[in-house]
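Visitor: Contents of protein_18.cif (mmCIF, C-alpha atoms) are below:
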data_final
#
loop_
_atom_site.label_atom_id
_atom_site.label_comp_id
_atom_site.auth_asym_id
_atom_site.auth_seq_id
_atom_site.Cartn_x
_atom_site.Cartn_y
_atom_site.Cartn_z
CA MET A 1 -115.36 12.11 -0.54
CA SER A 2 -114.17 8.70 -1.79
CA ASP A 3 -112.30 6.28 0.48
CA ASN A 4 -109.29 6.39 -1.89
CA LEU A 5 -109.13 10.18 -1.69
CA LYS A 6 -109.37 10.05 2.11
CA ARG A 7 -106.49 7.57 2.24
CA ASP A 8 -104.41 9.81 -0.05
CA ILE A 9 -105.04 12.84 2.17
CA ILE A 10 -104.14 10.88 5.32
CA PHE A 11 -100.95 9.59 3.65
CA VAL A 12 -99.87 13.07 2.57
CA SER A 13 -100.63 14.46 6.02
CA LEU A 14 -98.60 11.76 7.74
CA PHE A 15 -95.73 12.25 5.29
CA LEU A 16 -95.65 15.99 5.96
CA LEU A 17 -95.79 15.35 9.72
CA VAL A 18 -92.86 12.93 9.51
CA LEU A 19 -90.92 15.36 7.30
CA ALA A 20 -91.56 18.18 9.76
CA ASN A 21 -90.28 16.00 12.60
CA VAL A 22 -87.12 15.21 10.62
CA PHE A 23 -86.45 18.93 10.20
CA VAL A 24 -87.10 19.59 13.89
CA TRP A 25 -84.85 16.77 15.07
CA GLN A 26 -82.08 17.74 12.65
CA PHE A 27 -82.27 21.32 13.93
CA ILE A 28 -82.16 20.20 17.56
CA PHE A 29 -79.26 17.84 16.82
CA SER A 30 -77.22 20.63 15.28
CA LEU A 31 -77.77 22.89 18.28
CA ASP A 32 -77.12 20.47 21.14
CA GLY A 33 -74.33 22.50 22.72
CA ASN A 34 -71.56 20.31 21.34
CA LEU A 35 -68.74 21.02 18.93
CA LYS A 36 -68.41 18.26 16.35
CA VAL A 37 -65.26 17.65 14.32
CA VAL A 38 -65.23 14.88 11.73
CA PHE A 39 -61.97 13.82 10.10
CA PHE A 40 -63.16 12.34 6.82
CA ASP A 41 -61.71 9.12 5.52
CA ILE A 42 -60.89 10.72 2.20
CA GLY A 43 -58.06 8.45 1.04
CA GLN A 44 -54.56 9.89 0.74
CA GLY A 45 -55.43 13.46 1.62
CA ASP A 46 -57.02 15.74 4.21
CA SER A 47 -60.57 16.88 4.77
CA VAL A 48 -62.15 17.91 8.08
CA PHE A 49 -65.74 18.98 8.75
CA VAL A 50 -66.53 21.17 11.75
CA GLU A 51 -69.97 22.00 13.12
CA THR A 52 -70.12 24.52 15.96
CA PRO A 53 -72.68 24.43 18.79
CA GLN A 54 -74.55 27.25 17.01
CA GLY A 55 -74.68 25.28 13.74
CA HIS A 56 -71.87 26.96 11.79
CA GLN A 57 -70.40 24.57 9.23
CA ILE A 58 -66.73 24.75 8.32
CA LEU A 59 -64.73 22.58 5.93
CA ILE A 60 -60.95 22.39 6.15
CA ASP A 61 -59.48 21.02 2.89
CA GLY A 62 -61.32 18.73 0.49
CA GLY A 63 -59.02 15.80 -0.19
CA PRO A 64 -58.42 14.41 -3.69
CA GLY A 65 -61.21 14.05 -6.24
CA GLN A 66 -64.91 14.30 -5.41
CA ARG A 67 -65.16 11.88 -2.49
CA VAL A 68 -65.72 14.81 -0.14
CA LEU A 69 -69.15 15.39 -1.70
CA THR A 70 -70.36 12.00 -0.49
CA LYS A 71 -68.94 12.68 2.96
CA LEU A 72 -70.64 16.07 3.20
CA GLY A 73 -73.91 14.52 2.05
CA LYS A 74 -73.81 12.30 5.13
CA ALA A 75 -72.49 14.89 7.59
CA MET A 76 -74.98 17.62 6.65
CA PRO A 77 -78.79 17.56 6.33
CA PHE A 78 -79.80 16.69 2.78
CA TRP A 79 -81.46 20.07 2.22
CA ASP A 80 -78.46 22.07 3.43
CA LYS A 81 -76.24 23.23 0.55
CA THR A 82 -74.56 26.14 2.34
CA ILE A 83 -71.14 26.10 4.02
CA ASP A 84 -70.18 29.04 6.19
CA LEU A 85 -66.41 28.78 5.80
CA VAL A 86 -63.98 26.80 3.67
CA ILE A 87 -60.32 26.75 4.71
CA SER A 88 -57.74 25.68 2.14
CA THR A 89 -54.48 24.99 3.94
CA HIS A 90 -52.35 24.88 0.76
CA PRO A 91 -52.79 24.09 -2.93
CA ASP A 92 -51.61 20.47 -3.09
CA TYR A 93 -53.94 18.20 -5.08
CA ASP A 94 -54.73 15.95 -2.10
CA HIS A 95 -56.03 18.96 -0.15
CA LEU A 96 -57.41 21.32 -2.81
CA SER A 97 -58.98 19.13 -5.49
CA GLY A 98 -62.11 18.29 -3.52
CA LEU A 99 -62.67 21.93 -2.64
CA VAL A 100 -63.13 22.73 -6.32
CA SER A 101 -66.04 20.29 -6.37
CA VAL A 102 -67.41 21.81 -3.16
CA LEU A 103 -67.43 25.30 -4.68
CA GLU A 104 -69.36 23.92 -7.64
CA ARG A 105 -71.99 22.08 -5.55
CA TYR A 106 -72.40 24.24 -2.44
CA GLN A 107 -72.92 27.89 -1.66
CA VAL A 108 -69.77 28.87 0.23
CA LYS A 109 -70.03 32.11 2.17
CA ASN A 110 -66.39 32.62 3.20
CA VAL A 111 -63.03 31.25 2.09
CA LEU A 112 -59.72 31.41 3.94
CA TRP A 113 -56.59 30.33 2.09
CA ASN A 114 -52.89 31.10 1.98
CA GLY A 115 -53.03 32.92 -1.37
CA GLY A 116 -50.07 30.99 -2.76
CA VAL A 117 -49.96 30.30 -6.50
CA VAL A 118 -49.19 27.06 -8.34
CA ASN A 119 -49.41 26.20 -12.03
CA ASN A 120 -51.82 23.32 -12.61
CA THR A 121 -55.37 22.64 -13.77
CA VAL A 122 -56.83 22.11 -10.29
CA PHE A 123 -55.54 25.47 -9.09
CA THR A 124 -56.78 27.21 -12.24
CA ASN A 125 -60.24 25.74 -11.63
CA TRP A 126 -60.04 26.80 -7.98
CA LEU A 127 -59.44 30.43 -8.97
CA LYS A 128 -62.18 30.31 -11.59
CA ASP A 129 -64.73 28.87 -9.17
CA LEU A 130 -63.76 31.37 -6.47
CA GLU A 131 -64.60 34.13 -8.91
CA ILE A 132 -67.95 32.56 -9.75
CA GLU A 133 -68.81 31.79 -6.12
CA LYS A 134 -68.62 35.43 -4.99
CA ALA A 135 -67.67 34.31 -1.48
CA GLN A 136 -65.75 36.62 0.81
CA VAL A 137 -62.12 35.57 0.37
CA PHE A 138 -59.46 36.15 3.02
CA THR A 139 -55.71 35.52 2.87
CA ALA A 140 -54.54 33.66 5.96
CA ARG A 141 -51.86 35.10 8.17
CA SER A 142 -50.81 34.62 11.77
CA GLY A 143 -52.85 36.70 14.20
CA GLN A 144 -56.23 36.40 12.51
CA VAL A 145 -59.16 35.24 14.62
CA ILE A 146 -62.42 33.83 13.28
CA GLN A 147 -65.28 33.74 15.77
CA ALA A 148 -68.07 31.26 15.03
CA GLY A 149 -70.50 31.58 17.91
CA GLN A 150 -68.77 30.16 20.97
CA ALA A 151 -66.07 28.49 18.88
CA ARG A 152 -62.97 30.35 17.73
CA PHE A 153 -60.36 29.72 15.06
CA SER A 154 -56.96 31.31 15.61
CA VAL A 155 -54.67 31.41 12.59
CA LEU A 156 -51.12 30.66 13.75
CA TYR A 157 -49.31 30.19 10.43
CA PRO A 158 -48.11 31.31 7.93
CA LEU A 159 -46.14 34.08 9.55
CA ALA A 160 -45.56 35.75 6.17
CA ASP A 161 -47.99 36.86 3.48
CA PHE A 162 -48.05 34.41 0.52
CA ALA A 163 -50.73 36.25 -1.45
CA GLY A 164 -49.84 36.10 -5.16
CA GLN A 165 -46.51 34.38 -4.52
CA SER A 166 -45.50 31.18 -6.27
CA VAL A 167 -45.39 28.20 -3.90
CA GLU A 168 -44.86 25.72 -6.72
CA LYS A 169 -41.72 24.11 -5.33
CA GLU A 170 -42.55 23.97 -1.63
CA SER A 171 -46.26 24.51 -1.14
CA ASN A 172 -46.19 22.63 2.18
CA ASN A 173 -44.13 25.48 3.65
CA SER A 174 -47.10 27.80 3.18
CA SER A 175 -49.60 25.57 5.00
CA VAL A 176 -52.25 27.32 7.05
CA VAL A 177 -52.11 26.21 10.67
CA ALA A 178 -55.21 27.00 12.73
CA ARG A 179 -56.25 26.28 16.31
CA LEU A 180 -59.92 25.69 17.02
CA SER A 181 -61.02 26.44 20.58
CA TYR A 182 -64.31 25.72 22.33
CA GLY A 183 -64.32 26.04 26.09
CA SER A 184 -61.31 24.10 27.34
CA SER A 185 -61.09 21.96 24.19
CA ASP A 186 -58.56 22.84 21.50
CA PHE A 187 -57.88 21.28 18.10
CA LEU A 188 -54.73 21.99 16.08
CA PHE A 189 -54.94 21.66 12.28
CA THR A 190 -51.50 21.62 10.69
CA GLY A 191 -51.95 21.01 6.95
CA ASP A 192 -48.68 19.56 5.63
CA LEU A 193 -46.39 21.79 7.68
CA PRO A 194 -42.75 20.53 7.51
CA THR A 195 -40.39 20.27 10.47
CA LYS A 196 -38.42 23.44 9.63
CA ASN A 197 -41.65 25.44 9.59
CA GLU A 198 -42.76 23.81 12.84
CA ALA A 199 -39.59 25.33 14.30
CA GLU A 200 -40.59 28.77 13.00
CA LEU A 201 -44.03 28.38 14.56
CA LEU A 202 -42.47 27.35 17.88
CA ALA A 203 -40.14 30.37 17.76
CA SER A 204 -43.15 32.68 17.35
CA ASN A 205 -44.18 31.80 20.93
CA GLN A 206 -47.84 31.36 20.08
CA ASN A 207 -50.02 29.03 22.11
CA ILE A 208 -50.29 25.73 20.24
CA ALA A 209 -51.25 23.48 23.18
CA SER A 210 -54.19 21.36 22.06
CA GLU A 211 -56.05 18.26 23.16
CA VAL A 212 -56.46 17.08 19.57
CA LEU A 213 -53.79 17.23 16.86
CA LYS A 214 -54.36 16.64 13.17
CA VAL A 215 -50.94 15.17 12.42
CA ALA A 216 -49.16 17.09 9.66
CA HIS A 217 -48.52 15.64 6.21
CA HIS A 218 -50.30 12.32 6.83
CA GLY A 219 -47.63 11.23 9.29
CA SER A 220 -44.67 11.98 7.02
CA LYS A 221 -41.17 11.73 8.48
CA TYR A 222 -40.68 15.37 7.51
CA SER A 223 -43.18 16.61 10.12
CA SER A 224 -44.21 16.09 13.76
CA SER A 225 -40.87 16.65 15.44
CA PRO A 226 -40.59 15.66 19.13
CA GLU A 227 -40.18 19.34 20.04
CA PHE A 228 -43.40 20.20 18.23
CA LEU A 229 -45.34 17.36 19.83
CA ALA A 230 -44.05 18.32 23.27
CA MET A 231 -45.40 21.86 22.96
CA ILE A 232 -48.77 20.72 21.64
CA ASN A 233 -49.07 17.95 24.26
CA PRO A 234 -52.19 16.37 22.72
CA GLN A 235 -54.17 13.50 24.17
CA LEU A 236 -55.38 12.45 20.72
CA ALA A 237 -53.63 12.51 17.35
CA ILE A 238 -55.51 11.99 14.10
CA ILE A 239 -53.66 10.76 11.02
CA SER A 240 -55.51 11.25 7.74
CA VAL A 241 -53.95 8.78 5.35
CA GLY A 242 -54.84 6.43 2.51
CA ALA A 243 -54.67 2.68 2.96
CA ASN A 244 -51.58 1.07 1.40
CA ASN A 245 -50.38 4.41 0.06
CA THR A 246 -47.15 4.52 -1.94
CA TYR A 247 -45.50 7.12 0.33
CA GLY A 248 -45.11 4.87 3.35
CA HIS A 249 -47.32 7.15 5.45
CA PRO A 250 -47.48 7.23 8.38
CA ASN A 251 -43.76 6.96 9.04
CA GLN A 252 -42.76 4.55 11.80
CA GLU A 253 -40.56 7.17 13.48
CA VAL A 254 -43.54 9.51 13.77
CA LEU A 255 -45.67 6.71 15.21
CA SER A 256 -42.90 5.98 17.72
CA ASN A 257 -42.71 9.65 18.72
CA LEU A 258 -46.47 9.74 19.27
CA ALA A 259 -46.29 6.55 21.35
CA GLU A 260 -43.39 7.89 23.41
CA PHE A 261 -45.53 10.87 24.44
CA GLY A 262 -48.41 8.55 25.34
CA ILE A 263 -50.68 10.05 22.69
CA THR A 264 -53.70 8.05 21.52
CA VAL A 265 -53.54 7.66 17.74
CA LYS A 266 -56.47 7.17 15.38
CA ARG A 267 -55.99 6.67 11.63
CA THR A 268 -58.54 7.08 8.87
CA ASP A 269 -57.06 4.16 6.93
CA GLN A 270 -57.81 1.88 9.88
CA VAL A 271 -61.09 3.14 11.31
CA GLY A 272 -62.65 5.31 8.58
CA ASP A 273 -64.21 8.65 9.50
CA ILE A 274 -63.17 9.84 12.95
CA LYS A 275 -65.65 11.96 14.91
CA VAL A 276 -64.58 13.97 17.95
CA VAL A 277 -67.22 15.72 20.04
CA SER A 278 -66.61 18.35 22.71
CA ASN A 279 -69.08 19.88 25.17
CA GLY A 280 -66.49 22.54 26.00
CA LYS A 281 -65.04 20.48 28.83
CA ASN A 282 -64.74 16.86 27.80
CA LEU A 283 -63.96 15.04 24.56
CA ILE A 284 -65.78 12.02 23.20
CA TYR A 285 -64.17 9.99 20.42
#
Show the structure stored in the file as structure tokens.

Guide:
Amino acid sequence: MSDNLKRDIIFVSLFLLVLANVFVWQFIFSLDGNLKVVFFDIGQGDSVFVETPQGHQILIDGGPGQRVLTKLGKAMPFWDKTIDLVISTHPDYDHLSGLVSVLERYQVKNVLWNGGVVNNTVFTNWLKDLEIEKAQVFTARSGQVIQAGQARFSVLYPLADFAGQSVEKESNNSSVVARLSYGSSDFLFTGDLPTKNEAELLASNQNIASEVLKVAHHGSKYSSSPEFLAMINPQLAIISVGANNTYGHPNQEVLSNLAEFGITVKRTDQVGDIKVVSNGKNLIY
């Protein structure tokens, strides 16, 4: 056997050994007993990636455009093109657009959305890709529970069934609100829920207390009422918002309300992606 051939065999063997170690370490990392929640810096929009202690991968909204694909490429192993659950909170462009790209690039096993209908190209593509994807599709409604290993999603809103109904004028009103629980750690995802719908949710007497709050509607003045914040009582509030956006988000009144309750605030426009890790007892962020 020539020396060159021997060197080639040694190189290939070492490469395969290194590659095998990468796979092993990635597998161990994904099953380390921690819940990981990453609030993507997606610009003016929402997108949150969740990985459970058992390795389930869940994406809540996709932000505008295709930026979410780059974010997922960093959050997930390069060989992994499967997502267990996609949650679409409502069909606004800055939440839904990226999910169309996700359906086209990833195998999505399950989809939860509010079922509301709007008339635009992004939504038309969403419906078309849902049909092609052949995922199990569920219409969100209060009372549903999704168990992902030791983690649990509880759907708190909408209270009514929006399946097939037009939400063209006020799609925010149909936002899916879900509470993610792992041990004693709870995360509340609020979509773009407006203040009047926050009041409806409060009146339903469901448990919304959570350590981490994804602030509704990018910190708009039309959400995050003091009454709502008081019932959630979070220690950390995440605002997903684009830098120098034209909407004036987050609103100063909302920031003042959060400060008055002593809530730590982190913003994607200031710090980029925000990762929160829970071992079921304590949070690291």

Visitor: What are the nearest atom pairs, with distances in Å to one decimal, for all residues of segment 58-133 of chain A that come at most 9 Å from segment 186-202 of chain A, using only C-alpha atoms, set out by chain and rising residue number as CSV?

Guide:
residue,atom,partner,partner_atom,distance
A:Ile60,CA,A:Phe189,CA,8.6
A:Asp61,CA,A:Gly191,CA,8.6
A:Ser88,CA,A:Gly191,CA,8.9
A:Thr89,CA,A:Gly191,CA,5.6
A:His90,CA,A:Gly191,CA,7.3
A:His95,CA,A:Gly191,CA,8.4

Visitor: Using only C-alpha atoms, pick whichever of A:Glu253, A:Glu211, A:Asp41, A:Glu168 has the shortest atom-to-atom distance to Gln270 of chain A.

Guide: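 For Gln270 of chain A, the nearest of the candidates is A:Asp41.
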
Visitor: Would you mind reading off the distance between atom CA of Ile263 of chain A and atom CA of Met231 of chain A, one decimal, in Å?

Guide: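 Between atom CA of Ile263 of chain A and atom CA of Met231 of chain A the gap works out to 12.9 Å.
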
Visitor: To one decimal place, how far is atom CA of Val271 of chain A from atom CA of Gly45 of chain A in Å?

Guide: 15.2 Å

Visitor: Using all atoms listed in the file, which of A:Ala243, A:Val100, A:Ala178, A:Leu72 sits nearest Asp269 of chain A?

Guide: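 Of all the options, A:Ala243 lies closest to Asp269 of chain A.
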
Visitor: Under the PyMOL selection byres ((chain A and resi 38) around 8), which residues of this model are included? Write them out as a list in words.

Guide: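 Against this file, the PyMOL selection byres ((chain A and resi 38) around 8) returns the residues Lys36, Val37, Phe39, Phe40, Val48, Phe49, Val50, Asp273, Ile274, Lys275 and Val276 of chain A.
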
Visitor: If I take atom CA of Gly248 of chain A and atom CA of Pro158 of chain A, how far is one from the other in Å, to one decimal?

Guide: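 Result for atom CA of Gly248 of chain A versus atom CA of Pro158 of chain A: 27.0 Å, one decimal.
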
Visitor: Find the residues around Asn34 of chain A up to 6 Å (all atoms listed in the file counted), leave out those fewer than 2 positions away in its own chain, and share them as a list in words.

Guide: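 Listed by chain and then number, they are Asp32, Pro53, Ser278 and Asn279 of chain A.
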
Visitor: Using all atoms listed in the file, pick whichever of A:Val176, A:Val167, A:Leu283, A:Leu127 has the shortest atom-to-atom distance to Phe153 of chain A.

Guide: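 Comparing A:Val176, A:Val167, A:Leu283, A:Leu127 against Phe153 of chain A, the winner is A:Val176.
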
Visitor: Taking the file as I've supplied it (selection: the PyMOL selection byres ((chain A and resi 156) around 9)), which residues are included? Please answer as a list in words.

Guide: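 In the shown coordinates, the PyMOL selection byres ((chain A and resi 156) around 9) covers Arg141, Ser142, Gly143, Gln144, Ser154, Val155, Tyr157, Pro158, Leu159, Val176, Val177, Ala178, Arg179, Leu201, Ser204, Gln206, Asn207 and Ile208 of chain A.
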
Visitor: On this file, the PyMOL selection byres ((chain A and resi 42) around 10) gives some set of residues; write that set as an MDAnalysis selection string.

Guide: chainID A and resid 39:41 43:48 62:68 70:71 94:95 98 240:242 268:269 272:273

Visitor: Tell me which of A:Lys169, A:Ala140, A:Gly73, A:Ile87 sits closest to Val118 of chain A, counting only C-alpha atoms.

Guide: A:Lys169
